[in-house]
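First the structure, in the form of structure tokens, and then the observations on it.
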Amino acid sequence: GPPAASAARELAARRMVRDAFQRALEAQDLRLLKLLLTWSSVPTVRASQVDMVAAYSVQHRFGLFRRDSQLQEGLERARRADAGGVDHFAEPLAGARYEAYAAVVGPFLGQYSHTAGAFIARSSKVTMAHLFLWAVVLGSAELAALFLDRAKQPLRLCLAGSALCKALAGHREVEAEAYSALQAHLEDTATEILERASGDRDVAYGILVKGSPKWGGLSALELAVDLDVKPFLAHRTVQAIVGNEWWFGRYPGSRLCVSPGAGVALTLLECFVPFARLVRIYRVHTDAGGVPRLRPVEQAAAAGAVDDV
């Protein structure tokens with residue numbers, strides 16, 4: 001009947017878009033990829049349907065993929081196992097394909113960045129984040145930007161991408177300048193993301209300190225420290241947000257916090273005249289998202305939550 005025919009047409013259109021996206025990805029055709037991702041007249045592209053084994057089988061301009069014998073052997077095993085073809089619309093089969101990809105590409109990326117390899121191991125399906133990391137390995141700033149704009153947790157991805165570029169720039173077979181330039185671009189993008197949120201102190205602080213399971217529970221700030229992304233940590237926006245909040249006691253694990261609006265001078269004066277109540281004291285509690293929030297001590301006491309931090 002008409003409903004069945006309509007569903008069949010929709011499925012055919014989705015398959016056509018999926019195949020076109022895969023071919024454009026393997027050809028690294030930026031214009032076609034951008035068109036497929038932005039053109040509202042075509043079905044939505046689903047990153048989970050991308051064949052990442054085929055993506056890592058493309059020609060790398062510095063030959064990194066071809067020169068890695070373990071990667072090539074793993075990709076060949078994955079291709080043979082998938083010789084019958086996988087219907088990406090069948091979730092169990094798509095999951096099996098992801099496991100094959102993670103088992104091969106995870107260790108390959110892990111030799112350059114433990115963080116990137118662990119991220120693939122913790123994930124269960126291909127997302128725009130995986131396409132971003134693939135673009136970074138290729139050294140393509142344009143492709144990386146295309147996928148980063150559509151990925152979740154872009155700040156963490158910029159930090160992970162920066163560290164990956166730094167490691168790849170040290171590879172003897174590549175042109176270090178290409179990865180060094182991409183590294184600097186990703187570090188700049190990371191600070192731009194934070195600056196856009198800096199108008200709301202709580203939002204900006206939450207972006208920095210909220211942990212994420214896919215990144216080993218690390219916050220963006222902890223990730224930057226772990227990956228030693230010094231330009232990001234030294235940037236004035238990061239210093240202003242973290243320095244101001246931490247000076248007044250609002251940091252993960254803190255129990256009490258001085259009102260950030262009190263000022264340094266008034267806070268120091270309170271230390272010498274403790275009964276003058278020159279500044280307001282807040283109790284720090286962590287919300288469901290892992291972000292330290294403030295609650296006036298008198299409100300916490302009234303609610304019977306003085307010891308609940």
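Scheme for the structure tokens: letters A, B, ... for chains in order shown; per-chain residue numbers from 1; ligand numbers from 1 in order shown.
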
Original post:
What's the 6 Å shell around stretch 219-231 of chain A, counting only C-alpha atoms, without same-chain residues fewer than 4 positions away, as a PyMOL selection string?
Top reply: chain A and resi 156+208-211

Selection to disk with all heavy atoms, as a PDB file, in the first residue's frame:
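Result file is part_5.pdb:
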ATOM      1  N   ARG A 156      36.645  19.603  24.579  1.00  0.00           N
ATOM      2  CA  ARG A 156      37.497  18.447  24.856  1.00  0.00           C
ATOM      3  C   ARG A 156      38.124  17.908  23.574  1.00  0.00           C
ATOM      4  O   ARG A 156      39.288  17.491  23.559  1.00  0.00           O
ATOM      5  CB  ARG A 156      36.689  17.343  25.537  1.00  0.00           C
ATOM      6  CG  ARG A 156      36.353  17.614  26.997  1.00  0.00           C
ATOM      7  CD  ARG A 156      35.589  16.431  27.566  1.00  0.00           C
ATOM      8  NE  ARG A 156      35.312  16.581  28.977  1.00  0.00           N
ATOM      9  CZ  ARG A 156      34.288  17.271  29.480  1.00  0.00           C
ATOM     10  NH1 ARG A 156      33.448  17.880  28.654  1.00  0.00           N
ATOM     11  NH2 ARG A 156      34.099  17.360  30.786  1.00  0.00           N
ATOM     12  N   LEU A 208      34.308  23.988  32.069  1.00  0.00           N
ATOM     13  CA  LEU A 208      35.680  23.651  32.447  1.00  0.00           C
ATOM     14  C   LEU A 208      35.774  22.497  33.440  1.00  0.00           C
ATOM     15  O   LEU A 208      36.690  21.683  33.357  1.00  0.00           O
ATOM     16  CB  LEU A 208      36.373  24.880  33.049  1.00  0.00           C
ATOM     17  CG  LEU A 208      36.997  25.870  32.086  1.00  0.00           C
ATOM     18  CD1 LEU A 208      37.567  27.055  32.849  1.00  0.00           C
ATOM     19  CD2 LEU A 208      38.086  25.217  31.246  1.00  0.00           C
ATOM     20  N   VAL A 209      34.845  22.419  34.399  1.00  0.00           N
ATOM     21  CA  VAL A 209      35.035  21.481  35.511  1.00  0.00           C
ATOM     22  C   VAL A 209      34.129  20.260  35.480  1.00  0.00           C
ATOM     23  O   VAL A 209      34.326  19.327  36.267  1.00  0.00           O
ATOM     24  CB  VAL A 209      34.865  22.197  36.871  1.00  0.00           C
ATOM     25  CG1 VAL A 209      35.810  23.376  36.986  1.00  0.00           C
ATOM     26  CG2 VAL A 209      33.417  22.629  37.086  1.00  0.00           C
ATOM     27  N   LYS A 210      33.152  20.222  34.584  1.00  0.00           N
ATOM     28  CA  LYS A 210      32.250  19.068  34.528  1.00  0.00           C
ATOM     29  C   LYS A 210      32.964  17.864  33.924  1.00  0.00           C
ATOM     30  O   LYS A 210      33.560  17.939  32.853  1.00  0.00           O
ATOM     31  CB  LYS A 210      31.014  19.407  33.700  1.00  0.00           C
ATOM     32  CG  LYS A 210      29.980  18.293  33.652  1.00  0.00           C
ATOM     33  CD  LYS A 210      28.765  18.732  32.859  1.00  0.00           C
ATOM     34  CE  LYS A 210      27.723  17.619  32.775  1.00  0.00           C
ATOM     35  NZ  LYS A 210      26.529  18.046  32.014  1.00  0.00           N
ATOM     36  N   GLY A 211      32.899  16.728  34.604  1.00  0.00           N
ATOM     37  CA  GLY A 211      33.541  15.513  34.116  1.00  0.00           C
ATOM     38  C   GLY A 211      32.722  14.836  33.023  1.00  0.00           C
ATOM     39  O   GLY A 211      31.546  15.134  32.839  1.00  0.00           O
TER      40      GLY A 211
END

Would you write out, as a Markdown table, a table of all residues in stretch 160-204 of chain A that have an atom no more than 12 Å from an atom of stretch 54-69 of chain A, listing for each the closest atom pair and the distance in Å to one decimal, considering only C-alpha atoms and ordering rows by chain and rising residue number?
| residue | atom | partner | partner_atom | distance |
| --- | --- | --- | --- | --- |
| A:Leu168 | CA | A:Leu64 | CA | 9.6 |
| A:Ala169 | CA | A:Phe62 | CA | 11.3 |
| A:His171 | CA | A:Leu64 | CA | 9.2 |
| A:Arg172 | CA | A:Phe62 | CA | 10.1 |
| A:Glu173 | CA | A:Phe62 | CA | 6.6 |
| A:Val174 | CA | A:Phe62 | CA | 5.5 |
| A:Glu175 | CA | A:Phe62 | CA | 7.7 |
| A:Ala176 | CA | A:Phe62 | CA | 10.6 |
| A:Ala178 | CA | A:Phe62 | CA | 10.5 |
| A:Tyr179 | CA | A:Phe62 | CA | 11.3 |

**OP:** Using only C-alpha atoms, find the one residue out of A:Phe108, A:Ala234, A:Asp51, A:Ala129 that sits nearest to A:Ala96.
**Re:**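 The shortest atom-to-atom distance to A:Ala96 comes from A:Asp51.
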
**OP:** Within 12 Å of A:Arg23, counting only C-alpha atoms, which residues show up once you throw out same-chain ones fewer than 2 positions away? Write them as a ChimeraX atom specification, please.
**Re:** /A:16-21,25-30,32-33,36,50-52,54-55,58

Limited to N, CA, C and O atoms, could you put the picked residues into a file as a short mmCIF file (atom, residue, chain, number, x, y, z; two decimals), in the first residue's frame?
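Wrote part.cif, looks like this:
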data_model
loop_
_atom_site.label_atom_id
_atom_site.label_comp_id
_atom_site.auth_asym_id
_atom_site.auth_seq_id
_atom_site.Cartn_x
_atom_site.Cartn_y
_atom_site.Cartn_z
N MET A 16 20.97 5.98 -0.11
CA MET A 16 21.67 6.74 -1.13
C MET A 16 22.54 7.83 -0.50
O MET A 16 23.70 8.02 -0.88
N VAL A 17 21.99 8.54 0.49
CA VAL A 17 22.74 9.58 1.18
C VAL A 17 23.90 8.97 1.96
O VAL A 17 25.02 9.50 1.95
N ARG A 18 23.64 7.84 2.62
CA ARG A 18 24.70 7.17 3.36
C ARG A 18 25.86 6.80 2.44
O ARG A 18 27.03 7.06 2.75
N ASP A 19 25.56 6.20 1.30
CA ASP A 19 26.61 5.77 0.37
C ASP A 19 27.35 6.96 -0.24
O ASP A 19 28.57 6.92 -0.42
N ALA A 20 26.60 8.03 -0.52
CA ALA A 20 27.24 9.23 -1.08
C ALA A 20 28.18 9.86 -0.05
O ALA A 20 29.28 10.30 -0.40
N PHE A 21 27.75 9.87 1.20
CA PHE A 21 28.59 10.43 2.26
C PHE A 21 29.85 9.59 2.43
O PHE A 21 30.95 10.14 2.60
N LEU A 25 33.58 10.90 1.88
CA LEU A 25 34.51 10.83 3.00
C LEU A 25 35.83 10.20 2.54
O LEU A 25 36.92 10.73 2.81
N GLU A 26 35.73 9.09 1.86
CA GLU A 26 36.93 8.39 1.41
C GLU A 26 37.70 9.20 0.35
O GLU A 26 38.93 9.11 0.26
N ALA A 27 36.98 10.02 -0.41
CA ALA A 27 37.62 10.89 -1.40
C ALA A 27 38.08 12.20 -0.78
O ALA A 27 38.73 13.01 -1.45
N GLN A 28 37.71 12.41 0.50
CA GLN A 28 38.04 13.66 1.22
C GLN A 28 37.52 14.87 0.44
O GLN A 28 38.20 15.89 0.30
N ASP A 29 36.31 14.72 -0.08
CA ASP A 29 35.67 15.76 -0.88
C ASP A 29 34.93 16.72 0.06
O ASP A 29 33.78 16.48 0.44
N LEU A 30 35.59 17.81 0.42
CA LEU A 30 35.04 18.75 1.40
C LEU A 30 33.72 19.35 0.94
O LEU A 30 32.78 19.46 1.72
N LEU A 32 31.38 18.23 -1.17
CA LEU A 32 30.26 17.29 -1.15
C LEU A 32 29.88 16.92 0.28
O LEU A 32 28.69 16.82 0.61
N LEU A 33 30.87 16.74 1.14
CA LEU A 33 30.58 16.44 2.54
C LEU A 33 29.78 17.56 3.19
O LEU A 33 28.79 17.33 3.90
N LEU A 36 26.16 17.55 1.87
CA LEU A 36 25.34 16.47 2.43
C LEU A 36 24.98 16.75 3.90
O LEU A 36 23.92 16.33 4.37
N VAL A 50 28.74 5.35 9.22
CA VAL A 50 30.00 5.47 8.47
C VAL A 50 30.87 4.24 8.69
O VAL A 50 31.00 3.74 9.81
N ASP A 51 31.47 3.76 7.63
CA ASP A 51 32.42 2.64 7.69
C ASP A 51 33.80 3.23 7.98
O ASP A 51 34.51 3.67 7.08
N MET A 52 34.21 3.21 9.25
CA MET A 52 35.48 3.81 9.63
C MET A 52 36.67 2.94 9.23
O MET A 52 37.79 3.44 9.09
N ALA A 54 36.93 1.56 6.31
CA ALA A 54 37.20 2.07 4.97
C ALA A 54 37.84 3.46 5.04
O ALA A 54 38.72 3.80 4.24
N ALA A 55 37.41 4.27 6.01
CA ALA A 55 37.96 5.62 6.15
C ALA A 55 39.46 5.58 6.46
O ALA A 55 40.24 6.39 5.94
N VAL A 58 42.08 4.82 3.47
CA VAL A 58 42.36 5.77 2.39
C VAL A 58 43.84 6.09 2.35
O VAL A 58 44.61 5.77 3.27
#

Subject >> All helix (DSSP H, G or I) positions in stretch 17-100 of chain A, as a PyMOL selection string >> reply: chain A and resi 17-27+30-38+47-49+52-55+64-67+69-81+91-100

**OP:** In Å, rounded to a single decimal, give me how far atom CA of A:Ser212 is from atom CA of A:Thr115.
**Re:** 12.8 Å

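Put simply, atom CA of A:Ser123 is 17.6 Å away from atom CA of A:Leu155.
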
**OP:** Record the distance separating atom CA of A:Glu192 and atom CA of A:Leu159, expressed in Å with one decimal.
**Re:**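 Spanning atom CA of A:Glu192 to atom CA of A:Leu159 is a straight-line distance of 12.4 Å.
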
Just want the 9 Å neighbourhood of A:Gly74, counted on only C-alpha atoms, with same-chain residues fewer than 5 positions away dropped. Output as a JSON list (two decimals) with all heavy atoms, in the first residue's frame.
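Done, and the output landed in out.json:
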[["chain", "number", "residue", "atom", "x", "y", "z"],
["A", 69, "SER", "N", 52.22, -1.51, 9.58],
["A", 69, "SER", "CA", 51.86, -2.88, 9.19],
["A", 69, "SER", "C", 50.77, -3.47, 10.08],
["A", 69, "SER", "O", 49.88, -4.18, 9.60],
["A", 69, "SER", "CB", 53.11, -3.78, 9.23],
["A", 69, "SER", "OG", 53.68, -3.79, 10.53],
["A", 79, "ARG", "N", 38.01, -6.05, 7.08],
["A", 79, "ARG", "CA", 37.36, -6.06, 5.76],
["A", 79, "ARG", "C", 36.91, -7.46, 5.38],
["A", 79, "ARG", "O", 35.82, -7.65, 4.83],
["A", 79, "ARG", "CB", 38.31, -5.49, 4.69],
["A", 79, "ARG", "CG", 38.46, -3.98, 4.74],
["A", 79, "ARG", "CD", 39.17, -3.46, 3.49],
["A", 79, "ARG", "NE", 40.56, -3.89, 3.44],
["A", 79, "ARG", "CZ", 41.59, -3.16, 3.92],
["A", 79, "ARG", "NH1", 41.36, -1.99, 4.48],
["A", 79, "ARG", "NH2", 42.81, -3.61, 3.82],
["A", 100, "ALA", "N", 34.86, -3.92, 15.56],
["A", 100, "ALA", "CA", 35.98, -4.26, 14.67],
["A", 100, "ALA", "C", 36.86, -3.03, 14.43],
["A", 100, "ALA", "O", 38.09, -3.10, 14.44],
["A", 100, "ALA", "CB", 35.46, -4.81, 13.35],
["A", 101, "TYR", "N", 36.21, -1.89, 14.21],
["A", 101, "TYR", "CA", 36.94, -0.63, 14.00],
["A", 101, "TYR", "C", 37.73, -0.24, 15.24],
["A", 101, "TYR", "O", 38.92, 0.11, 15.17],
["A", 101, "TYR", "CB", 35.93, 0.45, 13.60],
["A", 101, "TYR", "CG", 36.25, 1.86, 14.05],
["A", 101, "TYR", "CD1", 37.32, 2.57, 13.51],
["A", 101, "TYR", "CD2", 35.47, 2.48, 15.02],
["A", 101, "TYR", "CE1", 37.60, 3.86, 13.93],
["A", 101, "TYR", "CE2", 35.73, 3.77, 15.44],
["A", 101, "TYR", "CZ", 36.81, 4.46, 14.90],
["A", 101, "TYR", "OH", 37.07, 5.73, 15.31],
["A", 103, "ALA", "N", 38.80, -2.08, 17.69],
["A", 103, "ALA", "CA", 39.89, -3.02, 17.99],
["A", 103, "ALA", "C", 41.13, -2.75, 17.14],
["A", 103, "ALA", "O", 42.25, -3.05, 17.56],
["A", 103, "ALA", "CB", 39.40, -4.45, 17.75],
["A", 104, "VAL", "N", 40.93, -2.17, 15.97],
["A", 104, "VAL", "CA", 42.05, -1.90, 15.06],
["A", 104, "VAL", "C", 42.57, -0.48, 15.20],
["A", 104, "VAL", "O", 43.77, -0.25, 15.37],
["A", 104, "VAL", "CB", 41.62, -2.15, 13.59],
["A", 104, "VAL", "CG1", 42.75, -1.78, 12.63],
["A", 104, "VAL", "CG2", 41.22, -3.60, 13.40],
["A", 105, "VAL", "N", 41.68, 0.49, 15.13],
["A", 105, "VAL", "CA", 42.08, 1.89, 15.10],
["A", 105, "VAL", "C", 42.41, 2.42, 16.50],
["A", 105, "VAL", "O", 43.27, 3.29, 16.63],
["A", 105, "VAL", "CB", 40.99, 2.76, 14.43],
["A", 105, "VAL", "CG1", 41.34, 4.23, 14.48],
["A", 105, "VAL", "CG2", 40.79, 2.32, 12.99]]
